[in-house]
There are 12 protein chains.
Amino acid sequence: MKRVAVISGPNLNLLGTREVDVYGDLTLEDVEAQVMQRAAELGVEIAFFQSNHEGAIVDRIQAAGGDDDAIVLNPGAYTHYSYAIRDAVAAVGVPCVEVHLSNITAREEFRERSVIAPVCAGQVSGFGARSYILGLDAVVAMLKGDER
Amino acid sequence: MKRVAVISGPNLNLLGTREVDVYGDLTLEDVEAQVMQRAAELGVEIAFFQSNHEGAIVDRIQAAGGDDDAIVLNPGAYTHYSYAIRDAVAAVGVPCVEVHLSNITAREEFRERSVIAPVCAGQVSGFGARSYILGLDAVVAMLKGDER
Amino acid sequence: MKRVAVISGPNLNLLGTREVDVYGDLTLEDVEAQVMQRAAELGVEIAFFQSNHEGAIVDRIQAAGGDDDAIVLNPGAYTHYSYAIRDAVAAVGVPCVEVHLSNITAREEFRERSVIAPVCAGQVSGFGARSYILGLDAVVAMLKGDER
Amino acid sequence: MKRVAVISGPNLNLLGTREVDVYGDLTLEDVEAQVMQRAAELGVEIAFFQSNHEGAIVDRIQAAGGDDDAIVLNPGAYTHYSYAIRDAVAAVGVPCVEVHLSNITAREEFRERSVIAPVCAGQVSGFGARSYILGLDAVVAMLKGDER
Amino acid sequence: MKRVAVISGPNLNLLGTREVDVYGDLTLEDVEAQVMQRAAELGVEIAFFQSNHEGAIVDRIQAAGGDDDAIVLNPGAYTHYSYAIRDAVAAVGVPCVEVHLSNITAREEFRERSVIAPVCAGQVSGFGARSYILGLDAVVAMLKGDER
Amino acid sequence: MKRVAVISGPNLNLLGTREVDVYGDLTLEDVEAQVMQRAAELGVEIAFFQSNHEGAIVDRIQAAGGDDDAIVLNPGAYTHYSYAIRDAVAAVGVPCVEVHLSNITAREEFRERSVIAPVCAGQVSGFGARSYILGLDAVVAMLKGDER
Amino acid sequence: MKRVAVISGPNLNLLGTREVDVYGDLTLEDVEAQVMQRAAELGVEIAFFQSNHEGAIVDRIQAAGGDDDAIVLNPGAYTHYSYAIRDAVAAVGVPCVEVHLSNITAREEFRERSVIAPVCAGQVSGFGARSYILGLDAVVAMLKGDER
Amino acid sequence: MKRVAVISGPNLNLLGTREVDVYGDLTLEDVEAQVMQRAAELGVEIAFFQSNHEGAIVDRIQAAGGDDDAIVLNPGAYTHYSYAIRDAVAAVGVPCVEVHLSNITAREEFRERSVIAPVCAGQVSGFGARSYILGLDAVVAMLKGDER
Amino acid sequence: MKRVAVISGPNLNLLGTREVDVYGDLTLEDVEAQVMQRAAELGVEIAFFQSNHEGAIVDRIQAAGGDDDAIVLNPGAYTHYSYAIRDAVAAVGVPCVEVHLSNITAREEFRERSVIAPVCAGQVSGFGARSYILGLDAVVAMLKGDER
Amino acid sequence: MKRVAVISGPNLNLLGTREVDVYGDLTLEDVEAQVMQRAAELGVEIAFFQSNHEGAIVDRIQAAGGDDDAIVLNPGAYTHYSYAIRDAVAAVGVPCVEVHLSNITAREEFRERSVIAPVCAGQVSGFGARSYILGLDAVVAMLKGDER
Amino acid sequence: MKRVAVISGPNLNLLGTREVDVYGDLTLEDVEAQVMQRAAELGVEIAFFQSNHEGAIVDRIQAAGGDDDAIVLNPGAYTHYSYAIRDAVAAVGVPCVEVHLSNITAREEFRERSVIAPVCAGQVSGFGARSYILGLDAVVAMLKGDER
Amino acid sequence: MKRVAVISGPNLNLLGTREVDVYGDLTLEDVEAQVMQRAAELGVEIAFFQSNHEGAIVDRIQAAGGDDDAIVLNPGAYTHYSYAIRDAVAAVGVPCVEVHLSNITAREEFRERSVIAPVCAGQVSGFGARSYILGLDAVVAMLKGDER
């Protein structure tokens with residue numbers, strides 16, 4: 001059975017309890033429950049990870065090189081400046097999809113650009129919790145060598 | 001039954017017959033067939049449209065204001081400069097998802113930025129034909145008021 | 001009797017039916033009716049034209065070279081990138097006034113700059129439908145060689 | 001009877017006596033006479049003011065907060081850098097129209113951008129003395145709540 | 001017999017009748033006559049096309065993929081922003097030479113850069129009608145596999 | 001007894017009567033009363049000055065060189081472009097603290113940068129009238145050679 | 001009794017022992033002792049925290065959401081690039097004041113801009129240890145709803 | 001006898017009493033005495049003017065249009081942003097030389113660029129008081145039609 | 001008989017022996033032989049010159065002012081920064097065509113811009129050795145006053 | 001005996017096992033073995049450290065202030081944005097040499113600039129594992145006060 | 001007797017024979033004759049040098065280190081990019097004045113900035129041949145320790 | 001026996017006699033003596049070359065293509081703009097190491113970027129004369145195929 005690491009970056013642990021108007025009222029646990037349900041349908045195992053520490057995220061992505069078949073990654077604010085995370089993704093050679101809850105092109109200018117996306121397979125943004133699920137769908141399809 | 005307009009921009013009619021190494025060997029017809037199949041599963045109707053003409057795409061998006069419940073839009077090269085298409089999307093008030101076959105952040109610098117995405121609900125890029133299907137999933141979930 | 005072409009660009013056909021808070025609730029027909037009334041007072045003939053197609057606007061401006069004595073032009077979103085429309089205005093040698101319903105300097109940054117204005121006689125912006133009428137006043141005064 | 005302050009910035013007192021090829025041969029007095037004539041037609045009172053001093057223009061705009069119903073403002077060179085005048089316009093809460101004799105988009109690059117226009121109702125430029133009259137027309141129509 | 005598409009963009013239909021001091025007094029017909037004469041000498045067939053519509057130019061370039069052996073392209077003002085035309089040229093895989101009547105590096109700053117040239121074989125600019133003929137010479141030499 | 005000049009720039013005379021939502025409803029007189037009260041506690045004399053004129057502010061800062069022991073300066077909009085005020089502060093050699101009522105980093109982009117702050121001892125912003133009082137505290141502590 | 005978290009970022013633990021000419025010879029312990037003394041006067045409790053780890057600072061700010069009534073934050077070098085800390089401050093909804101020992105506008109260009117300040121209430125910089133005390137004064141006044 | 005206006009901008013009245021290491025210890029009076037002596041040798045009359053007020057400098061330059069044959073102008077800090085002074089110089093049509101005591105290219109980056117110099121005949125900078133004298137020599141030579 | 005100077009800049013002497021995949025395997029001698037053959041057909045004399053020295057190229061272009069009727073110039077890497085060569089071309093007043101072997105718009109970003117082209121009659125790039133021949137054709141046609 | 005800290009940043013622990021074509025097939029252990037061998041020749045002790053955590057690297061550099069005589073630092077991706085590491089290097093006052101395995105000027109644009117190098121003694125890049133050894137040679141020579 | 005090197009850069013040997021409308025009709029010999037005459041009045045010896053070669057100018061400036069007491073330098077087009085000449089001026093430690101015939105701030109944008117001026121004592125521009133004489137006056141006054 | 005060309009650019013011939021505080025008091029001859037000593041240890045032959053002429057350096061690098069096995073290159077000020085030297089290095093195909101005496105990232109901003117480094121194997125900077133020796137070590141190790 002394939003395993004997908006679902007990694008969430010800084011401040012995503014506050015999801016659903018703060019800034020509800022921007023990010024919705026689902027907690028990270030709710031999002032993960034939805035992801036688990038979809039994973040069951042897709043027949044894959046999930047390993048969740050959240051950290052506010054850039055280095056811990058780098059460590060976890062490196063570990064994925066040995067333990068996981070794919071990564072769904074929401075880098076949070078690190079999206080916009082963490083070349084260390086970028087290099088980790090590039091180094092491990094595991095397919096990775098970048099996801100964002102909000103539409104990052106429609107907010108502050110600094111959020112428009114991702115320094116990590118260029119080394120990912122693709123990007124899904126703007127659909128709230130569903131961004132994670134669509135990202136999982138995408139990466140599992142890649143693992144299965146589905147339709148293209 | 002809900003109807004979703006699936007609109008493809010310039011040069012996408014050449015899909016699968018040219019630059020196969022970049023865009024894959026599926027033709028636009030193949031992509032549309034996959035979309036149709038997924039639409040059947042989702043229980044929605046699809047209206048396809050492709051044009052190389054910016055004005056024709058603006059016309060079609062405007063028409064969606066009356067005829068369609070949502071839009072899946074691959075603006076092709078217009079992504080990067082068509083404020084006219086942006087304004088059309090903003091004006092019609094129909095939920096719109098921007099999709100791209102390739103990971104636009106990983107190509108020429110001018111492709112990194114979308115002038116249309118800020119007025120869309122979200123963006124899916126990098127998964128080939130599957131970007132259309134994930135975009136359809138996202139927009140249909142929005143129509144159904146699903147999970148979020 | 002002098003004739004003035006009044007040309008409106010992309011999405012202006014939606015005027016009054018969409019984004020009423022931004023553009024007001026007058027339709028393009030309402031605006032044109034007001035322009036007609038003012039034209040009657042000024043003793044000039046009006047030829048209206050609206051298109052979402054950049055090329056069609058270029059064609060129409062070229063035609064003005066033969067048929068019209070002046071142009072009132074609201075290029076809509078093309079204001080910000082259509083060097084083709086700019087070149088058409090420069091080529092026909094007919095006095096042209098650029099008009100905008102909204103104050104384009106007070107909106108998104110990309111709307112601040114017009115690539116067409118430098119080849120027009122002048123610019124009127126921010127007064128809603130009245131921008132068209134003031135633009136007509138200005139261009140007719142020019143035709144009459146009025147005060148200056 | 002409504003009163004409109006017509007405020008002219010630096011070097012406009014030299015109008016008509018210098019750089020006649022750029023600004024025409026009407027003096028500021030000639031322009032003001034045309035404005036007076038139009039004011040009579042419109043049934044409004046006019047209060048003229050010209051100064052080369054940024055601070056004096058700020059003072060005068062502030063005074064408009066108490067004494068005038070609207071402002072027609074030609075900030076001259078201050079257009080391009082006086083955030084002090086911008087703040088004064090924003091503070092007094094009186095409708096203000098920015099006018100320019102020449103087409104500021106067709107001259108030196110630094111003249112293309114107005115730091116004041118974003119807090120005005122609108123802008124008229126390029127029609128010589130007539131820019132003042134069109135600006136007056138616009139602002140009076142606003143005061144009358146005319147067509148829009 | 002080889003066939004070369006000679007495609008001219010927006011406002012080139014006005015050639016010779018307007019802005020004669022900039023572009024000379026040859027009409028587009030005159031230019032095409034010269035091209036025909038040179039084509040006869042070179043033993044190639046020519047298919048002319050002119051349009052003010054970006055989409056129509058994209059359509060025509062795509063058609064060249066099936067019907068023509070090479071393209072001589074003067075994109076007019078689209079040179080500076082039409083990534084749609086760029087993508088069309090890149091997609092059809094037919095050798096293309098970009099030509100300009102005027103020296104585009106010696107005019108307004110926005111004309112200095114071509115977004116299309118990077119996907120062409122080469123560029124000829126500054127020689128009036130002769131730019132077309134030199135572009136034809138170049139592309140025919142390529143077809144013949146001449147001297148490198 | 002030490003004397004501190006408290007200098008306020010353009011439009012601060014309107015404080016409390018306009019844009020109450022942005023700047024609060026304290027008038028400049030209220031602010032000055034609070035400053036006086038704090039000055040009494042600190043045992044320093046205060047000399048207030050407000051002007052909309054850049055040159056008058058330069059004059060006043062120069063005068064501080066002879067008459068005052070320190071300056072609390074709110075340059076208003078001049079903050080962002082007055083190199084003349086900057087040079088005056090640098091020239092007089094009297095310790096100067098820049099204060100702002102609002103958080104200038106959280107408003108329009110042009111307000112983010114102060115051209116005067118680099119020649120001041122420090123900066124306090126965002127606390128309304130209290131910014132003046134904190135600025136006074138800071139500058140008085142400097143005069144007293146307090147804790148570092 | 002209210003509690004204020006006083007958080008210091010990278011390299012501030014070296015204070016007073018290194019680069020004495022830039023930052024003075026007070027150690028972080030000395031600064032904290034001064035803050036404690038002022039807190040006693042103000043009747044508030046203080047919770048100190050220092051870390052060189054961006055993630056640890058994010059964790060601590062998040063914790064403030066539950067445990068503290070306000071934050072005084074010196075982000076050190078993270079001031080200039082940590083969008084993760086910015087997002088943490090924005091998320092916890094506790095009033096936060098950014099403080100700096102040195103005048104950050106008077107040093108290297110990269111230090112001029114804070115990415116965190118726009119989501120703080122205000123900023124105090126340039127007064128050495130006193131910046132912390134003034135920041136505490138400001139934030140406590142906010143908690144008390146003092147004068148403004 | 002020809003008359004030359006020698007105009008000095010903001011903070012030059014402090015010359016010789018402050019920042020002696022940067023500007024030397026000559027006062028403005030000393031500089032003017034040297035200029036007078038040179039004027040006597042050259043057989044021209046001098047009219048001195050100094051102000052910290054941008055508007056007053058504009059007024060004085062305008063007055064030169066009637067009273068003076070040439071201008072030697074040290075705009076001080078206004079050099080770098082006063083388009084109002086620039087326009088005054090351009091308007092009066094009297095030959096003007098810009099002078100600076102210090103080498104403005106060797107100081108802060110914002111001092112490198114003069115917005116006024118482009119409308120002057122020439123510029124002399126870096127020679128202290130002697131910059132005024134060389135500027136006077138230059139402008140008098142121009143008046144005499146000397147060796148071009 | 002007319003004489004055309006054919007001037008090649010730095011590193012073009014290595015042509016054909018190095019980086020064959022980029023520049024082809026023709027040596028500079030081969031290119032010159034082709035140029036000679038074409039010159040014979042055209043009835044013009046050729047004077048070849050190659051140097052790695054910017055100053056020597058300036059000297060040679062100046063000499064062309066006396067000895068040659070036209071110049072075909074491949075400035076090599078100097079294309080992108082030699083304002084000295086630009087000024088030489090502008091000074092001599094001899095028609096000059098800039099040529100490049102490769103398509104300079106399709107390589108490193110710094111190669112996209114020519115500082116010399118604005119003072120040339122035109123530019124030919126991308127056709128290998130044939131760029132020289134087309135440049136010669138163009139310049140000879142100019143000398144002959146051919147078909148404009 | 002002198003001790004040199006050899007500190008490696010994020011993802012360098014993956015050396016030799018991933019992206020072998022870019023970084024070679026030596027592992028970090030291999031590199032360290034080479035460094036040890038060279039250290040023995042030079043008569044210095046080595047303390048190795050690697051971390052993916054920016055804060056941990058800051059901690060380690062601070063510790064070098066007490067324990068080590070010099071630092072050889074490969075900051076990995078932190079090179080390009082970690083002002084925290086820069087400040088740590090500046091604070092500890094121990095000579096530091098920045099080393100890179102690859103030639104950072106020949107890769108993505110963001111890798112061209114180091115924010116840390118300006119506070120180091122020097123930089124060695126592009127020689128794979130040998131960059132470490134050359135960096136060690138350099139720093140040991142500095143410690144010995146060798147030749148210069 | 002003091003000796004001053006008067007060094008002229010590329011294309012200045014063409015002075016007076018080309019582009020007479022821009023640079024006047026004096027030849028470099030005429031300029032040098034005027035300089036000689038002024039040198040005689042000032043009691044200094046002159047050593048002229050002109051070259052189109054950047055390296056030769058560097059050599060000559062270096063030689064001034066041994067042979068000359070001061071330099072008057074017109075770097076021509078090298079003004080705008082020759083850091084080699086800048087470094088030579090900085091290295092020789094001989095007072096140097098940069099001169100320009102034309103007002104370099106009033107021409108193409110690239111001419112506005114001098115990379116050499118920051119290491120010169122001062123700059124004189126815009127007065128034709130007289131710029132050399134004023135530059136000589138300035139540098140000789142420096143040698144004599146005159147007034148300042 | 002392998003031969004390494006050691007090439008020094010403009011103003012390096014002045015080493016040790018000027019600006020001793022920046023570059024140290026070793027002359028170029030001293031540096032070369034140290035290099036010779038190290039070359040003897042390494043068993044390689046050295047060919048020194050120094051020139052202030054960009055073209056001469058290009059010539060010398062080209063000659064290395066035939067005569068030398070490697071290059072150690074200190075391009076001096078040409079580092080920052082000589083694309084001609086860059087192209088020469090790229091063309092000759094001989095391994096080249098760029099060296100700098102000073103830490104170029106810690107000086108003026110224009111010195112931070114090398115246009116030549118991207119085509120070299122690597123770069124060593126900041127170690128004075130030792131930079132040459134470390135560069136030699138690096139390039140000789142490359143020739144020997146040492147420990148990569």
# chains A, B, ... in the order shown; residues from 1 in each chain; ligands from 1
>>> select_by_dssp(residues="chain E", states="helix (DSSP H, G or I)", output="number ranges by chain")
E: 12-14, 20-23, 28-42, 54-67, 76-80, 83-92, 104-106, 109-111, 117-119, 129-144
>>> interface_residues(of="chain L", to="chain K", cutoff="6 Å", atoms="only C-alpha atoms", output="mmCIF file with N, CA and C atoms, in the first residue's frame")
data_model
loop_
_atom_site.group_PDB
_atom_site.id
_atom_site.type_symbol
_atom_site.label_atom_id
_atom_site.label_comp_id
_atom_site.auth_asym_id
_atom_site.auth_seq_id
_atom_site.Cartn_x
_atom_site.Cartn_y
_atom_site.Cartn_z
ATOM 1 N N ARG L 18 49.729 51.430 -3.694
ATOM 2 C CA ARG L 18 48.604 52.359 -3.546
ATOM 3 C C ARG L 18 47.466 51.663 -2.778
ATOM 4 N N ASN L 52 46.018 46.359 -18.385
ATOM 5 C CA ASN L 52 44.882 47.240 -18.125
ATOM 6 C C ASN L 52 43.890 47.223 -19.288
ATOM 7 N N HIS L 53 44.227 46.516 -20.370
ATOM 8 C CA HIS L 53 43.433 46.540 -21.603
ATOM 9 C C HIS L 53 42.532 45.320 -21.695
ATOM 10 N N ALA L 77 38.437 45.275 -12.213
ATOM 11 C CA ALA L 77 37.155 45.945 -12.421
ATOM 12 C C ALA L 77 36.370 45.371 -13.603
#
>>> select_by_dssp(residues="segment 3-146 of chain E", states="strand (DSSP E or B)", output="short mmCIF file (atom, residue, chain, number, x, y, z; two decimals) with all heavy atoms, in the first residue's frame")
data_model
loop_
_atom_site.label_atom_id
_atom_site.label_comp_id
_atom_site.auth_asym_id
_atom_site.auth_seq_id
_atom_site.Cartn_x
_atom_site.Cartn_y
_atom_site.Cartn_z
N ARG E 3 6.28 26.76 -50.20
CA ARG E 3 5.40 27.91 -50.00
C ARG E 3 5.73 28.63 -48.69
O ARG E 3 5.92 27.98 -47.66
CB ARG E 3 3.94 27.47 -49.99
CG ARG E 3 3.00 28.65 -50.18
CD ARG E 3 1.57 28.24 -50.32
NE ARG E 3 0.92 28.17 -49.03
CZ ARG E 3 -0.40 28.28 -48.85
NH1 ARG E 3 -1.21 28.43 -49.89
NH2 ARG E 3 -0.91 28.21 -47.65
N VAL E 4 5.81 29.92 -48.78
CA VAL E 4 6.12 30.73 -47.60
C VAL E 4 4.93 31.62 -47.26
O VAL E 4 4.45 32.36 -48.14
CB VAL E 4 7.38 31.60 -47.84
CG1 VAL E 4 7.67 32.46 -46.62
CG2 VAL E 4 8.58 30.74 -48.20
N ALA E 5 4.47 31.54 -46.01
CA ALA E 5 3.42 32.45 -45.54
C ALA E 5 4.05 33.77 -45.12
O ALA E 5 5.01 33.77 -44.35
CB ALA E 5 2.68 31.83 -44.36
N VAL E 6 3.53 34.86 -45.67
CA VAL E 6 4.02 36.19 -45.30
C VAL E 6 2.88 36.89 -44.55
O VAL E 6 1.88 37.28 -45.14
CB VAL E 6 4.46 37.00 -46.52
CG1 VAL E 6 4.85 38.42 -46.11
CG2 VAL E 6 5.62 36.30 -47.22
N ILE E 7 3.06 36.99 -43.23
CA ILE E 7 1.98 37.41 -42.34
C ILE E 7 2.28 38.78 -41.74
O ILE E 7 3.35 38.98 -41.17
CB ILE E 7 1.79 36.37 -41.21
CG1 ILE E 7 1.48 34.99 -41.81
CG2 ILE E 7 0.71 36.81 -40.23
CD1 ILE E 7 1.42 33.86 -40.79
N SER E 8 1.33 39.71 -41.90
CA SER E 8 1.50 41.06 -41.37
C SER E 8 0.44 41.36 -40.33
O SER E 8 -0.74 41.07 -40.55
CB SER E 8 1.42 42.09 -42.50
OG SER E 8 2.47 41.90 -43.42
N GLU E 45 6.62 29.90 -53.68
CA GLU E 45 5.26 30.42 -53.72
C GLU E 45 5.02 31.24 -52.45
O GLU E 45 5.61 30.93 -51.41
CB GLU E 45 4.31 29.22 -53.74
CG GLU E 45 2.93 29.48 -54.26
CD GLU E 45 2.12 28.17 -54.25
OE1 GLU E 45 2.78 27.08 -54.22
OE2 GLU E 45 0.89 28.25 -54.24
N ILE E 46 4.17 32.24 -52.53
CA ILE E 46 3.91 33.08 -51.37
C ILE E 46 2.41 33.08 -51.04
O ILE E 46 1.58 33.13 -51.94
CB ILE E 46 4.34 34.55 -51.62
CG1 ILE E 46 5.81 34.64 -51.97
CG2 ILE E 46 4.00 35.43 -50.39
CD1 ILE E 46 6.76 34.34 -50.84
N ALA E 47 2.10 33.04 -49.74
CA ALA E 47 0.71 33.20 -49.29
C ALA E 47 0.66 34.38 -48.33
O ALA E 47 1.22 34.30 -47.24
CB ALA E 47 0.23 31.93 -48.60
N PHE E 48 0.02 35.46 -48.81
CA PHE E 48 -0.03 36.66 -47.96
C PHE E 48 -1.20 36.60 -46.99
O PHE E 48 -2.25 36.02 -47.29
CB PHE E 48 -0.19 37.93 -48.82
CG PHE E 48 1.03 38.24 -49.60
CD1 PHE E 48 1.03 38.08 -50.99
CD2 PHE E 48 2.19 38.68 -48.98
CE1 PHE E 48 2.17 38.36 -51.73
CE2 PHE E 48 3.32 38.97 -49.72
CZ PHE E 48 3.32 38.80 -51.10
N PHE E 49 -1.02 37.25 -45.85
CA PHE E 49 -2.09 37.36 -44.86
C PHE E 49 -1.86 38.61 -44.02
O PHE E 49 -0.74 38.85 -43.59
CB PHE E 49 -2.12 36.12 -43.96
CG PHE E 49 -3.23 36.13 -42.95
CD1 PHE E 49 -4.54 35.80 -43.32
CD2 PHE E 49 -3.01 36.51 -41.63
CE1 PHE E 49 -5.58 35.82 -42.39
CE2 PHE E 49 -4.04 36.53 -40.71
CZ PHE E 49 -5.33 36.19 -41.09
N GLN E 50 -2.91 39.38 -43.83
CA GLN E 50 -2.82 40.52 -42.91
C GLN E 50 -4.06 40.54 -42.05
O GLN E 50 -5.17 40.31 -42.54
CB GLN E 50 -2.69 41.85 -43.67
CG GLN E 50 -2.37 43.05 -42.78
CD GLN E 50 -3.59 43.68 -42.12
OE1 GLN E 50 -4.70 43.59 -42.62
NE2 GLN E 50 -3.38 44.30 -40.96
N ALA E 70 7.40 27.68 -44.48
CA ALA E 70 8.10 28.68 -43.66
C ALA E 70 7.20 29.89 -43.49
O ALA E 70 6.21 30.05 -44.21
CB ALA E 70 9.41 29.08 -44.31
N ILE E 71 7.58 30.75 -42.52
CA ILE E 71 6.80 31.95 -42.25
C ILE E 71 7.72 33.16 -42.18
O ILE E 71 8.80 33.09 -41.57
CB ILE E 71 6.05 31.84 -40.89
CG1 ILE E 71 5.13 30.62 -40.87
CG2 ILE E 71 5.27 33.11 -40.58
CD1 ILE E 71 4.53 30.33 -39.50
N VAL E 72 7.30 34.24 -42.85
CA VAL E 72 7.90 35.56 -42.62
C VAL E 72 6.83 36.36 -41.89
O VAL E 72 5.73 36.54 -42.39
CB VAL E 72 8.28 36.25 -43.94
CG1 VAL E 72 8.69 37.71 -43.69
CG2 VAL E 72 9.40 35.47 -44.63
N LEU E 73 7.16 36.81 -40.67
CA LEU E 73 6.14 37.38 -39.77
C LEU E 73 6.50 38.78 -39.30
O LEU E 73 7.54 38.99 -38.68
CB LEU E 73 6.01 36.46 -38.54
CG LEU E 73 5.11 36.93 -37.39
CD1 LEU E 73 3.65 37.00 -37.82
CD2 LEU E 73 5.25 36.00 -36.20
N ASN E 74 5.64 39.74 -39.62
CA ASN E 74 5.75 41.08 -39.04
C ASN E 74 4.60 41.26 -38.06
O ASN E 74 3.48 41.59 -38.46
CB ASN E 74 5.67 42.17 -40.13
CG ASN E 74 5.79 43.56 -39.53
OD1 ASN E 74 5.73 43.74 -38.31
ND2 ASN E 74 5.93 44.55 -40.40
N CYS E 96 10.45 30.30 -38.84
CA CYS E 96 9.81 31.61 -38.89
C CYS E 96 10.85 32.69 -38.70
O CYS E 96 11.73 32.59 -37.84
CB CYS E 96 8.76 31.66 -37.77
SG CYS E 96 7.90 33.24 -37.66
N VAL E 97 10.75 33.75 -39.50
CA VAL E 97 11.64 34.91 -39.37
C VAL E 97 10.79 36.12 -39.02
O VAL E 97 9.78 36.38 -39.69
CB VAL E 97 12.42 35.15 -40.68
CG1 VAL E 97 13.19 36.48 -40.60
CG2 VAL E 97 13.37 33.99 -40.94
N GLU E 98 11.18 36.84 -37.99
CA GLU E 98 10.45 38.05 -37.60
C GLU E 98 11.04 39.25 -38.33
O GLU E 98 12.26 39.43 -38.35
CB GLU E 98 10.57 38.25 -36.07
CG GLU E 98 9.77 39.43 -35.56
CD GLU E 98 9.89 39.62 -34.05
OE1 GLU E 98 9.58 38.67 -33.29
OE2 GLU E 98 10.30 40.71 -33.63
N VAL E 99 10.18 40.05 -38.95
CA VAL E 99 10.67 41.23 -39.68
C VAL E 99 9.95 42.49 -39.20
O VAL E 99 8.80 42.43 -38.76
CB VAL E 99 10.48 41.08 -41.21
CG1 VAL E 99 11.26 39.90 -41.74
CG2 VAL E 99 9.01 40.97 -41.59
N HIS E 100 10.66 43.60 -39.27
CA HIS E 100 10.09 44.91 -38.92
C HIS E 100 10.52 45.95 -39.95
O HIS E 100 11.70 45.98 -40.33
CB HIS E 100 10.53 45.35 -37.53
CG HIS E 100 10.04 44.46 -36.45
ND1 HIS E 100 8.76 44.49 -35.99
CD2 HIS E 100 10.66 43.45 -35.76
CE1 HIS E 100 8.60 43.57 -35.06
NE2 HIS E 100 9.73 42.91 -34.91
N GLY E 122 15.31 33.93 -36.52
CA GLY E 122 16.07 35.17 -36.51
C GLY E 122 15.17 36.36 -36.74
O GLY E 122 13.94 36.22 -36.82
N GLN E 123 15.79 37.53 -36.84
CA GLN E 123 15.05 38.78 -36.88
C GLN E 123 15.74 39.73 -37.86
O GLN E 123 16.97 39.80 -37.89
CB GLN E 123 15.07 39.38 -35.47
CG GLN E 123 14.02 40.40 -35.18
CD GLN E 123 14.22 41.04 -33.81
OE1 GLN E 123 15.34 41.08 -33.30
NE2 GLN E 123 13.15 41.55 -33.23
N VAL E 124 14.95 40.44 -38.66
CA VAL E 124 15.48 41.48 -39.56
C VAL E 124 14.67 42.74 -39.31
O VAL E 124 13.44 42.71 -39.42
CB VAL E 124 15.33 41.09 -41.04
CG1 VAL E 124 15.89 42.18 -41.95
CG2 VAL E 124 16.02 39.75 -41.32
N SER E 125 15.32 43.87 -39.00
CA SER E 125 14.55 45.08 -38.75
C SER E 125 15.25 46.32 -39.24
O SER E 125 16.49 46.38 -39.25
CB SER E 125 14.26 45.22 -37.26
OG SER E 125 15.44 45.43 -36.56
#
>>> atom_distance(atom1="atom CA of Gln37 of chain A", atom2="atom CA of Ala117 of chain A")
26.4 Å
